[in-house]
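Pasted below: input26.csv, CSV, C-alpha atoms.
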```
chain,number,residue,atom,x,y,z
A,1,MET,CA,114.2,182.3,3.2
A,2,ILE,CA,112.4,179.6,1.3
A,3,ILE,CA,109.1,178.1,2.6
A,4,ASN,CA,107.7,175.1,0.9
A,5,ILE,CA,104.1,174.2,1.6
A,6,ILE,CA,102.6,170.8,0.8
A,7,PRO,CA,99.5,169.0,2.3
A,8,THR,CA,101.2,165.8,3.7
A,9,ILE,CA,104.6,164.2,4.2
A,10,GLU,CA,103.6,160.9,2.7
A,11,GLY,CA,102.6,160.3,-0.9
A,12,GLY,CA,104.2,160.2,-4.3
A,13,GLY,CA,106.8,162.3,-6.2
A,14,ALA,CA,105.9,165.8,-5.0
A,15,GLU,CA,106.3,164.9,-1.3
A,16,ILE,CA,109.7,163.3,-2.0
A,17,ILE,CA,110.9,166.3,-4.1
A,18,VAL,CA,110.0,168.8,-1.4
A,19,GLN,CA,112.0,166.9,1.3
A,20,GLU,CA,115.0,166.4,-1.0
A,21,ILE,CA,115.3,170.0,-2.2
A,22,HIS,CA,114.8,171.2,1.5
A,23,LYS,CA,117.9,169.1,2.4
A,24,ILE,CA,119.9,170.7,-0.4
A,25,TYR,CA,118.9,174.2,0.6
A,26,LEU,CA,120.0,173.6,4.2
A,27,ARG,CA,123.4,172.2,2.9
A,28,LYS,CA,123.8,175.5,1.0
A,29,ASN,CA,123.1,177.5,4.2
A,30,ILE,CA,119.8,178.8,2.9
A,31,GLU,CA,117.1,179.2,5.5
A,32,SER,CA,114.6,176.6,4.4
A,33,HIS,CA,111.3,175.5,6.0
A,34,ILE,CA,108.5,173.0,5.1
A,35,ILE,CA,105.0,173.5,6.3
A,36,TYR,CA,102.7,170.4,6.2
A,37,PHE,CA,99.0,170.5,6.7
A,38,SER,CA,99.4,167.1,8.5
A,39,ALA,CA,102.3,164.9,9.2
A,40,ASN,CA,102.8,161.8,11.3
A,41,SER,CA,105.5,160.7,13.7
A,42,LYS,CA,107.9,160.1,10.8
A,43,ILE,CA,108.6,163.8,10.5
A,44,SER,CA,112.2,164.5,11.4
A,45,GLY,CA,115.0,166.9,10.7
A,46,PHE,CA,115.3,170.6,10.7
A,47,ASN,CA,112.6,173.3,10.1
A,48,PHE,CA,109.5,171.2,9.7
A,49,THR,CA,106.1,172.4,10.8
A,50,SER,CA,102.8,170.4,10.8
A,51,LEU,CA,99.5,172.2,11.2
A,52,ASP,CA,97.9,168.8,12.2
A,53,LEU,CA,94.7,169.5,10.2
A,54,ASN,CA,92.9,167.6,7.5
A,55,ARG,CA,93.9,169.0,4.1
A,56,LYS,CA,90.2,169.9,3.4
A,57,ASN,CA,89.8,172.0,6.6
A,58,PRO,CA,89.5,175.7,5.7
A,59,LEU,CA,91.0,176.6,9.1
A,60,ILE,CA,94.3,175.8,7.5
A,61,ILE,CA,94.2,179.3,6.0
A,62,LEU,CA,94.4,180.9,9.4
A,63,TYR,CA,96.9,178.4,10.9
A,64,LEU,CA,99.1,178.7,7.8
A,65,ARG,CA,99.1,182.5,8.0
A,66,LYS,CA,100.0,182.4,11.6
A,67,VAL,CA,103.0,180.1,11.0
A,68,ILE,CA,104.2,182.1,8.0
A,69,LYS,CA,104.0,185.4,10.0
A,70,LYS,CA,106.0,183.9,12.8
A,71,LEU,CA,108.7,182.6,10.4
A,72,ILE,CA,109.1,185.9,8.6
A,73,ILE,CA,108.8,188.3,11.5
A,74,ASN,CA,112.5,189.2,11.6
A,75,GLU,CA,113.2,188.6,7.9
A,76,LYS,CA,114.1,191.8,6.0
A,77,GLY,CA,114.6,190.3,2.6
A,78,THR,CA,112.3,188.7,0.1
A,79,VAL,CA,110.7,185.5,1.3
A,80,ILE,CA,110.0,182.7,-1.3
A,81,VAL,CA,106.7,180.8,-0.5
A,82,HIS,CA,106.4,177.8,-2.8
A,83,ALA,CA,103.2,175.8,-2.8
A,84,HIS,CA,102.7,172.2,-4.1
A,85,LEU,CA,99.5,170.3,-5.0
A,86,THR,CA,95.9,171.3,-5.1
A,87,TRP,CA,95.0,172.3,-1.5
A,88,ALA,CA,98.2,174.2,-1.0
A,89,PHE,CA,97.6,176.0,-4.3
A,90,PHE,CA,94.4,177.5,-3.0
A,91,TYR,CA,95.1,177.9,0.7
A,92,THR,CA,98.5,179.5,0.3
A,93,VAL,CA,97.2,182.4,-1.8
A,94,LEU,CA,94.6,183.2,0.8
A,95,ALA,CA,96.9,182.8,3.7
A,96,VAL,CA,99.5,185.4,2.6
A,97,LEU,CA,97.1,188.1,1.5
A,98,GLY,CA,98.4,191.4,2.7
A,99,LEU,CA,101.8,190.0,3.9
A,100,ARG,CA,104.8,192.0,2.6
A,101,ASN,CA,108.0,190.9,1.0
A,102,ILE,CA,106.6,187.6,-0.2
A,103,LYS,CA,106.9,186.1,-3.6
A,104,LEU,CA,104.6,183.2,-4.4
A,105,PHE,CA,105.6,180.2,-6.5
A,106,TYR,CA,103.7,177.1,-7.4
A,107,THR,CA,104.8,173.8,-9.0
A,108,GLU,CA,102.3,172.1,-11.3
A,109,HIS,CA,102.8,168.4,-11.0
A,110,ASP,CA,100.1,166.9,-13.3
A,111,THR,CA,99.1,167.2,-16.9
A,112,THR,CA,95.4,167.5,-15.9
A,113,ASN,CA,93.0,167.3,-12.9
A,114,ARG,CA,89.3,167.0,-12.2
A,115,ARG,CA,88.8,170.8,-12.1
A,116,ARG,CA,89.6,171.1,-15.8
A,117,ASN,CA,86.5,169.0,-16.6
A,118,ILE,CA,84.3,171.9,-15.2
A,119,PRO,CA,84.4,175.1,-17.3
A,120,PHE,CA,83.5,177.3,-14.3
A,121,PHE,CA,86.7,176.3,-12.6
A,122,LYS,CA,88.7,178.0,-15.4
A,123,ILE,CA,87.7,181.4,-14.0
A,124,ILE,CA,88.6,180.4,-10.4
A,125,ASP,CA,91.9,178.8,-11.4
A,126,ARG,CA,93.0,181.8,-13.5
A,127,LEU,CA,92.3,184.1,-10.5
A,128,PHE,CA,94.5,182.0,-8.2
A,129,TYR,CA,97.3,181.3,-10.8
A,130,SER,CA,97.5,185.0,-11.4
A,131,ARG,CA,98.6,185.5,-7.8
A,132,TYR,CA,101.8,183.5,-8.3
A,133,SER,CA,105.0,185.1,-9.6
A,134,HIS,CA,105.9,181.9,-11.5
A,135,VAL,CA,104.3,178.6,-12.1
A,136,ILE,CA,106.8,175.8,-12.6
A,137,CYS,CA,105.8,172.9,-14.8
A,138,ILE,CA,107.6,169.7,-14.3
A,139,SER,CA,107.6,168.6,-18.0
A,140,GLN,CA,106.7,170.0,-21.4
A,141,GLY,CA,103.5,167.9,-21.3
A,142,VAL,CA,102.4,169.7,-18.1
A,143,TYR,CA,103.4,173.0,-19.7
A,144,ARG,CA,101.4,172.5,-22.8
A,145,ALA,CA,98.2,171.4,-21.0
A,146,LEU,CA,98.4,174.2,-18.4
A,147,ALA,CA,99.1,176.9,-21.0
A,148,ILE,CA,95.9,176.1,-22.8
A,149,TRP,CA,93.9,176.2,-19.5
A,150,VAL,CA,95.2,179.4,-18.1
A,151,GLY,CA,95.2,181.6,-21.2
A,152,LEU,CA,97.8,183.9,-22.8
A,153,LYS,CA,98.2,186.4,-20.0
A,154,ILE,CA,99.1,183.8,-17.4
A,155,GLN,CA,101.2,181.8,-19.8
A,156,LYS,CA,104.0,184.3,-19.3
A,157,LYS,CA,104.3,183.1,-15.7
A,158,LEU,CA,104.9,179.4,-16.8
A,159,VAL,CA,108.3,177.9,-16.9
A,160,THR,CA,109.4,174.3,-17.4
A,161,ILE,CA,111.9,172.8,-14.9
A,162,PRO,CA,112.1,168.9,-15.1
A,163,ASN,CA,111.9,167.2,-11.7
A,164,GLY,CA,114.9,165.9,-9.9
A,165,SER,CA,115.1,162.4,-8.7
A,166,ARG,CA,116.9,160.3,-6.1
A,167,ILE,CA,119.6,158.6,-8.1
A,168,PHE,CA,120.4,155.2,-6.5
A,169,PRO,CA,123.5,153.2,-7.3
A,170,ILE,CA,123.1,150.7,-10.1
A,171,TYR,CA,122.5,147.2,-8.8
A,172,PRO,CA,124.2,144.1,-10.2
A,173,ARG,CA,121.1,141.9,-10.8
A,174,THR,CA,121.4,138.3,-11.7
A,175,SER,CA,120.2,136.8,-15.0
A,176,ILE,CA,116.5,135.8,-15.2
A,177,LYS,CA,117.2,133.0,-17.7
A,178,ASN,CA,117.0,130.3,-15.0
A,179,ARG,CA,114.4,131.9,-12.7
A,180,LEU,CA,111.1,133.9,-12.9
A,181,PRO,CA,111.3,137.7,-12.8
A,182,ARG,CA,110.0,139.9,-10.0
A,183,LEU,CA,107.9,142.9,-11.0
A,184,ILE,CA,107.3,146.2,-9.1
A,185,SER,CA,105.1,149.3,-9.3
A,186,ILE,CA,105.2,152.4,-7.1
A,187,GLY,CA,102.4,154.9,-6.7
A,188,SER,CA,99.2,155.9,-4.9
A,189,LEU,CA,96.3,153.5,-5.1
A,190,VAL,CA,94.2,155.8,-7.2
A,191,HIS,CA,92.3,155.5,-10.5
A,192,LYS,CA,94.8,157.4,-12.6
A,193,LYS,CA,97.6,155.0,-11.7
A,194,ASN,CA,95.6,152.2,-13.4
A,195,PHE,CA,96.9,149.3,-11.3
A,196,SER,CA,93.7,147.3,-12.0
A,197,THR,CA,95.0,146.9,-15.6
A,198,SER,CA,98.5,145.8,-14.6
A,199,ILE,CA,97.1,143.4,-12.0
A,200,THR,CA,94.8,141.8,-14.6
A,201,ALA,CA,97.6,141.5,-17.0
A,202,ILE,CA,99.6,139.6,-14.4
A,203,SER,CA,96.7,137.1,-14.1
A,204,LYS,CA,97.5,136.2,-17.7
A,205,LEU,CA,101.1,135.6,-16.8
A,206,LYS,CA,100.9,133.5,-13.6
A,207,ASN,CA,103.4,131.0,-14.8
A,208,GLU,CA,105.8,133.6,-16.3
A,209,ILE,CA,106.6,135.8,-13.2
A,210,GLU,CA,107.5,135.2,-9.6
A,211,SER,CA,105.8,138.2,-8.0
A,212,TYR,CA,104.3,141.6,-8.5
A,213,THR,CA,104.7,144.1,-5.7
A,214,ILE,CA,102.8,147.4,-5.5
A,215,ILE,CA,104.2,150.0,-3.1
A,216,GLY,CA,101.7,152.7,-2.2
A,217,GLU,CA,98.5,153.5,-0.4
A,218,GLY,CA,95.2,155.1,-1.4
A,219,PRO,CA,91.4,155.0,-1.7
A,220,GLU,CA,91.4,152.1,-4.3
A,221,ARG,CA,93.0,149.6,-1.9
A,222,VAL,CA,89.8,147.7,-1.2
A,223,LYS,CA,88.9,147.6,-4.9
A,224,LEU,CA,92.3,146.2,-5.8
A,225,GLU,CA,92.2,143.7,-3.0
A,226,LYS,CA,88.9,142.4,-4.3
A,227,LEU,CA,90.4,142.2,-7.8
A,228,ILE,CA,93.4,140.2,-6.6
A,229,HIS,CA,91.1,137.8,-4.7
A,230,LYS,CA,88.8,137.4,-7.7
A,231,LEU,CA,91.8,136.6,-10.0
A,232,GLN,CA,93.3,134.3,-7.4
A,233,LEU,CA,96.5,136.2,-7.3
A,234,GLU,CA,97.1,136.4,-3.5
A,235,GLU,CA,100.4,134.5,-3.9
A,236,LYS,CA,101.6,136.6,-6.8
A,237,VAL,CA,100.5,140.2,-6.1
A,238,LYS,CA,101.2,142.1,-2.9
A,239,LEU,CA,99.9,145.5,-1.9
A,240,ILE,CA,102.4,146.5,0.8
A,241,GLY,CA,101.5,150.1,1.5
A,242,TRP,CA,104.1,152.9,1.6
A,243,SER,CA,107.7,152.0,2.4
A,244,ASN,CA,110.7,154.1,3.6
A,245,ASN,CA,113.0,151.6,1.9
A,246,ILE,CA,112.2,152.1,-1.8
A,247,LYS,CA,115.8,151.4,-2.8
A,248,GLN,CA,115.8,147.9,-1.4
A,249,HIS,CA,112.5,147.1,-3.1
A,250,LEU,CA,113.8,148.3,-6.4
A,251,TYR,CA,117.0,146.2,-5.9
A,252,ASN,CA,114.9,143.1,-5.3
A,253,SER,CA,113.0,143.6,-8.6
A,254,ASP,CA,113.7,142.9,-12.2
A,255,ILE,CA,111.1,144.9,-14.1
A,256,GLN,CA,109.1,148.1,-13.2
A,257,LEU,CA,105.6,148.6,-14.4
A,258,ILE,CA,104.1,152.1,-14.8
A,259,PRO,CA,100.5,151.7,-16.1
A,260,SER,CA,99.3,155.3,-15.4
A,261,PHE,CA,96.7,157.1,-17.4
A,262,ILE,CA,98.3,160.4,-16.3
A,263,GLU,CA,101.8,161.3,-15.2
A,264,GLY,CA,103.2,164.8,-14.9
A,265,PHE,CA,106.8,163.6,-14.9
A,266,GLY,CA,107.4,160.0,-13.8
A,267,LEU,CA,109.7,160.3,-10.7
A,268,VAL,CA,109.3,156.6,-9.9
A,269,ALA,CA,110.5,155.8,-13.4
A,270,THR,CA,113.7,157.7,-12.8
A,271,GLU,CA,114.3,156.2,-9.4
A,272,GLY,CA,113.8,152.7,-10.8
A,273,MET,CA,115.9,153.2,-13.9
A,274,SER,CA,118.8,154.6,-11.8
A,275,THR,CA,119.1,151.1,-10.2
A,276,GLY,CA,119.2,149.6,-13.7
A,277,LEU,CA,115.6,148.5,-13.9
A,278,PRO,CA,114.0,148.1,-17.3
A,279,VAL,CA,110.5,149.7,-17.6
A,280,VAL,CA,107.2,148.8,-19.1
A,281,ALA,CA,105.2,152.1,-19.2
A,282,SER,CA,102.2,153.9,-20.6
A,283,ASN,CA,102.9,155.9,-23.7
A,284,ILE,CA,101.8,159.3,-22.3
A,285,GLU,CA,103.1,162.8,-22.3
A,286,GLY,CA,105.3,163.7,-19.3
A,287,LEU,CA,106.4,160.1,-18.7
A,288,THR,CA,107.9,159.5,-22.2
A,289,GLU,CA,110.1,162.7,-21.7
A,290,VAL,CA,111.7,161.0,-18.7
A,291,LEU,CA,112.1,157.5,-20.3
A,292,GLY,CA,114.1,158.9,-23.2
A,293,CYS,CA,112.4,156.8,-25.9
A,294,PRO,CA,113.6,155.1,-28.0
A,295,ASN,CA,115.5,153.3,-25.3
A,296,PRO,CA,116.2,149.6,-25.4
A,297,SER,CA,115.4,149.3,-21.7
A,298,VAL,CA,111.9,150.8,-22.2
A,299,THR,CA,108.7,149.2,-23.6
A,300,LEU,CA,105.8,151.6,-24.2
A,301,ILE,CA,102.2,150.6,-24.2
A,302,ASN,CA,99.9,152.6,-26.5
A,303,GLU,CA,96.6,151.1,-25.6
A,304,ILE,CA,96.9,151.8,-21.8
A,305,ASP,CA,93.7,150.0,-20.8
A,306,SER,CA,94.5,146.9,-22.9
A,307,ILE,CA,95.2,143.8,-20.8
A,308,GLU,CA,96.6,142.0,-23.8
A,309,ASP,CA,99.0,144.9,-24.7
A,310,TRP,CA,100.4,144.9,-21.1
A,311,LYS,CA,100.8,141.2,-21.2
A,312,LYS,CA,102.7,141.5,-24.5
A,313,GLY,CA,104.8,144.4,-23.2
A,314,ILE,CA,105.9,142.4,-20.1
A,315,ILE,CA,106.8,139.4,-22.3
A,316,ASN,CA,108.7,141.7,-24.7
A,317,THR,CA,110.7,143.2,-21.8
A,318,ILE,CA,111.6,139.7,-20.5
A,319,ASN,CA,112.8,138.7,-24.0
A,320,ASN,CA,114.8,141.9,-24.3
A,321,ILE,CA,116.6,141.2,-21.0
A,322,ASN,CA,117.5,137.7,-22.1
A,323,LYS,CA,118.5,138.9,-25.5
A,324,LEU,CA,120.7,141.9,-24.6
A,325,GLY,CA,121.7,140.8,-21.2
A,326,ILE,CA,120.8,142.3,-17.8
A,327,LYS,CA,124.1,144.3,-17.7
A,328,LYS,CA,123.6,146.2,-20.9
A,329,ILE,CA,119.9,146.8,-20.1
A,330,SER,CA,120.9,148.2,-16.7
A,331,GLN,CA,123.4,150.6,-18.3
A,332,PHE,CA,120.8,152.0,-20.7
A,333,SER,CA,118.4,152.6,-17.8
A,334,SER,CA,121.0,154.1,-15.4
A,335,SER,CA,122.4,156.5,-18.0
A,336,GLN,CA,118.9,157.9,-18.8
A,337,ALA,CA,118.1,158.4,-15.1
A,338,LYS,CA,121.3,160.4,-14.4
A,339,GLN,CA,119.9,163.3,-16.5
A,340,PHE,CA,117.5,164.1,-13.7
A,341,THR,CA,119.1,165.0,-10.4
A,342,PHE,CA,117.8,167.0,-7.5
A,343,GLU,CA,120.9,169.2,-7.6
A,344,LYS,CA,120.2,170.2,-11.2
A,345,MET,CA,116.6,170.9,-10.3
A,346,THR,CA,117.5,172.9,-7.2
A,347,GLU,CA,119.9,175.1,-9.1
A,348,ARG,CA,117.2,176.0,-11.7
A,349,TYR,CA,114.7,176.8,-8.9
A,350,LEU,CA,117.3,179.1,-7.2
A,351,ASP,CA,118.0,180.9,-10.5
A,352,ILE,CA,114.3,181.7,-10.8
A,353,TYR,CA,114.0,182.8,-7.2
A,354,ILE,CA,117.0,185.1,-7.5
A,355,ASN,CA,115.9,186.6,-10.8
```

Will you turn the file into structure tokens for me?
Amino acid sequence: MIINIIPTIEGGGAEIIVQEIHKIYLRKNIESHIIYFSANSKISGFNFTSLDLNRKNPLIILYLRKVIKKLIINEKGTVIVHAHLTWAFFYTVLAVLGLRNIKLFYTEHDTTNRRRNIPFFKIIDRLFYSRYSHVICISQGVYRALAIWVGLKIQKKLVTIPNGSRIFPIYPRTSIKNRLPRLISIGSLVHKKNFSTSITAISKLKNEIESYTIIGEGPERVKLEKLIHKLQLEEKVKLIGWSNNIKQHLYNSDIQLIPSFIEGFGLVATEGMSTGLPVVASNIEGLTEVLGCPNPSVTLINEIDSIEDWKKGIINTINNINKLGIKKISQFSSSQAKQFTFEKMTERYLDIYIN
């Protein structure tokens, strides 16, 4: 039995990954469950449980323990309990204290977090990390950063398994020589995604692009809406919230922007590239491993908060598309993306569980 625990059903890469590997486990006739702290009416399928509690509510510990005990009551073998993201990292350890036949796993999805700015949290984090049998890092960048934070003893528990991704069919886009390109970004509206920089860069290219669509939701929505209004970009830049039809949005776009300050892996990059999209992205650890640089379909930005560099990067990508042709660019992107499938990721997870 495998039980994945994650705070919400909506969000970025981690939420998608948990749902996709759950489907694969079920297809392999493995008893798989997902426990969410909160989930909305979109939850569907087999073996989902929602605690219907805010992720910061400490009562989650008791509710989580109750659900886990109910799931494993008749299970005689080892139960894999796999936590994802910060609140699940802490609550899961406390919820399973004293329960038998459970092996704890955690996936580290980011190269850093706010706790690592506070030295005192090193003690607390090491205490909790030590309770996990293995900690899976989604990239070498994540591994290196976490290894320093947790120290030599816990380093032995760390293992790198690259994320899997939804691989969409490549899309036959039309040339942009006689029309303006459509740009897209996908991610939570939070500071680390750095959408204020990409939006400001778009203001310098008003006559060079048709539109810029950002798919995602988060606490910076109001701030970004004010920036869009200030720059008079209401007709160019759209914040459309989360969407269940990511594939169609990617098909309708010509270039993907990933302006993040931090990315553990870059799942959205893989999804976009699988459709043939060229990418303009921050030159950061974790993300560059996925993009496969040097790659003719990828333009990296070194000065991540430089408006001018993002403007030049977008123009450079438009020129590359026109020079090499959209078909050749698409093939470079699609080929890179196919290295990261959920099936490959799931097999490596199962190998670790079995061992």

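With distances restricted to all atoms listed in the file, A:Leu250 is the closest residue to Ile167 of chain A from A:Cys293, A:Val237, A:Leu250, A:Ile102.
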
Exercise for the section: Could you tell me how far atom CA of Leu94 of chain A lies from atom CA of Ile21 of chain A, in Å and to one decimal? Expected result: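 Result for atom CA of Leu94 of chain A versus atom CA of Ile21 of chain A: 24.7 Å, one decimal.
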
Exercise for the section: Considering all atoms listed in the file, state which residue in the set A:Ser175, A:Ser203, A:Gln339, A:Ser274 is at the smallest distance from Lys327 of chain A. Expected result: A:Ser175

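Nearest to Ser243 of chain A of all the residues A:Ser188, A:Met273, A:Gly264, A:Asn283 is A:Ser188, based on only C-alpha atoms.
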
With 8 Å of padding per side, what axis-aligned box (centre and edge lengths, Å, one decimal) covers all the listed atoms of segment 229-246 of chain A? Give it as lines of an AutoDock Vina configuration file.
```
center_x = 100.9
center_y = 144.2
center_z = -3.2
size_x = 40.2
size_y = 35.8
size_z = 29.6
```

Exercise for the section: Just the residues within 9 Å of Glu20 of chain A, please, counting all atoms listed in the file, with nothing from its chain fewer than 2 positions along; format it as a list in words. Expected result: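 The residues satisfying every condition are Glu15, Ile16, Ile17, Val18, His22, Lys23, Ile24, Tyr25, Gly164, Ser165, Arg166 and Phe342 of chain A.
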
Problem - Polymer residues at most 12 Å from (93.7, 169.6, -10.6) by all atoms listed in the file, as a list in words - result: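 Checked against the point, the hits come out as His84, Leu85, Thr86, Trp87, Ala88, Phe89, Phe90, Thr107, Glu108, His109, Asp110, Thr111, Thr112, Asn113, Arg114, Arg115, Arg116, Asn117, Ile118, Phe121, Lys122, Ile124, Asp125, Val142, Ala145, Leu146, Trp149, Ile262 and Gly264 of chain A.
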
Completion exercise
Computed gap from atom CA of Lys76 of chain A to atom CA of Tyr91 of chain A is 24.1 Å

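Nearest residue to Phe48 of chain A, choosing from A:Thr197, A:Asn4, A:Thr78, A:Thr270 and counting all atoms listed in the file: A:Asn4.
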
Problem - Pairwise distance for atom CA of Gln19 of chain A and atom CA of Glu347 of chain A, rounded to one decimal in Å - result: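 Between atom CA of Gln19 of chain A and atom CA of Glu347 of chain A the gap is 15.4 Å.
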
Handout entry: Who sits within 9 Å of Leu64 of chain A, only C-alpha atoms, same chain under 3 positions skipped, as a ChimeraX atom specification
Key = /A:35,37,51,59-61,67-69,91-92,95-96

Exercise for the section: Would you mind listing what lies within 12 Å of Val190 of chain A as a list in words, with all atoms listed in the file counted and same-chain residues fewer than 5 positions away left out? Expected result: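 Those residues are Gly11, Gly12, Phe195, Ser196, Gly216, Glu217, Gly218, Pro219, Glu220, Arg221, Val222, Lys223, Leu224, Pro259, Ser260, Phe261 and Ile262 of chain A.
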
Convert the current residue selection to file output with C-alpha atoms, as a CSV table (one decimal), keeping the file's coordinate frame.
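This is the output file out.csv:
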```csv
chain,number,residue,atom,x,y,z
A,11,GLY,CA,102.6,160.3,-0.9
A,12,GLY,CA,104.2,160.2,-4.3
A,195,PHE,CA,96.9,149.3,-11.3
A,196,SER,CA,93.7,147.3,-12.0
A,216,GLY,CA,101.7,152.7,-2.2
A,217,GLU,CA,98.5,153.5,-0.4
A,218,GLY,CA,95.2,155.1,-1.4
A,219,PRO,CA,91.4,155.0,-1.7
A,220,GLU,CA,91.4,152.1,-4.3
A,221,ARG,CA,93.0,149.6,-1.9
A,222,VAL,CA,89.8,147.7,-1.2
A,223,LYS,CA,88.9,147.6,-4.9
A,224,LEU,CA,92.3,146.2,-5.8
A,259,PRO,CA,100.5,151.7,-16.1
A,260,SER,CA,99.3,155.3,-15.4
A,261,PHE,CA,96.7,157.1,-17.4
A,262,ILE,CA,98.3,160.4,-16.3
```

Problem - Long-range neighbours of Asn320 of chain A as an MDAnalysis selection string, 12 Å cut-off, only C-alpha atoms, 3 positions minimum in chain - result: chainID A and resid 175:177 255 278:280 295:299 313:317 323:330

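For the choices A:Lys344, A:Lys204, A:Lys193, A:Lys247, the atom-to-atom distance to Ile307 of chain A is smallest for A:Lys204 when using all atoms listed in the file.
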
Problem - Minimum-distance residue to Ile136 of chain A, chosen among A:His82, A:His191, A:Lys311, A:Lys153 (using all atoms listed in the file) - result: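 With all atoms listed in the file as the atom set, the closest residue is A:His82.
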
Practice task
Extract, using all atoms listed in the file, all DNA, RNA and protein residues at most 12 Å from Trp242 of chain A, discarding same-chain residues fewer than 2 positions from it, and format them as a ChimeraX atom specification.
Solution key: /A:9-12,185-189,213-218,239-240,244-246,249

Restrict the output to segment 163-168 of chain A and all heavy atoms, then write it as a CSV table (one decimal), in the first residue's frame.
```csv
chain,number,residue,atom,x,y,z
A,163,ASN,N,11.9,14.5,-11.6
A,163,ASN,CA,10.5,14.4,-11.8
A,163,ASN,C,10.1,13.8,-13.1
A,163,ASN,O,10.8,14.0,-14.1
A,163,ASN,CB,9.9,15.8,-11.7
A,163,ASN,CG,9.6,16.2,-10.2
A,163,ASN,OD1,9.5,15.3,-9.4
A,163,ASN,ND2,9.3,17.5,-10.0
A,164,GLY,N,8.9,13.3,-13.1
A,164,GLY,CA,8.3,12.9,-14.4
A,164,GLY,C,7.4,14.1,-14.8
A,164,GLY,O,7.2,15.0,-14.1
A,165,SER,N,6.9,14.0,-16.1
A,165,SER,CA,6.1,15.1,-16.6
A,165,SER,C,5.1,14.5,-17.5
A,165,SER,O,5.3,13.4,-18.1
A,165,SER,CB,7.0,16.1,-17.4
A,165,SER,OG,6.2,17.0,-18.1
A,166,ARG,N,3.9,15.2,-17.7
A,166,ARG,CA,3.0,14.9,-18.7
A,166,ARG,C,3.7,15.2,-20.1
A,166,ARG,O,4.2,16.3,-20.2
A,166,ARG,CB,1.7,15.7,-18.6
A,166,ARG,CG,0.9,15.3,-17.4
A,166,ARG,CD,-0.4,16.1,-17.2
A,166,ARG,NE,0.0,17.5,-17.0
A,166,ARG,CZ,-1.0,18.5,-16.7
A,166,ARG,NH1,-2.2,18.1,-16.6
A,166,ARG,NH2,-0.6,19.7,-16.4
A,167,ILE,N,3.7,14.2,-20.9
A,167,ILE,CA,4.3,14.4,-22.3
A,167,ILE,C,3.1,14.6,-23.3
A,167,ILE,O,2.5,13.6,-23.6
A,167,ILE,CB,5.2,13.3,-22.6
A,167,ILE,CG1,6.3,13.1,-21.6
A,167,ILE,CG2,5.8,13.5,-24.0
A,167,ILE,CD1,7.2,14.4,-21.4
A,168,PHE,N,2.9,15.8,-23.7
A,168,PHE,CA,1.8,16.0,-24.7
A,168,PHE,C,2.3,15.8,-26.1
A,168,PHE,O,3.5,15.9,-26.4
A,168,PHE,CB,1.3,17.4,-24.6
A,168,PHE,CG,0.8,17.8,-23.2
A,168,PHE,CD1,1.3,18.8,-22.5
A,168,PHE,CD2,-0.3,17.1,-22.7
A,168,PHE,CE1,0.7,19.2,-21.2
A,168,PHE,CE2,-0.8,17.4,-21.4
A,168,PHE,CZ,-0.3,18.4,-20.7
```
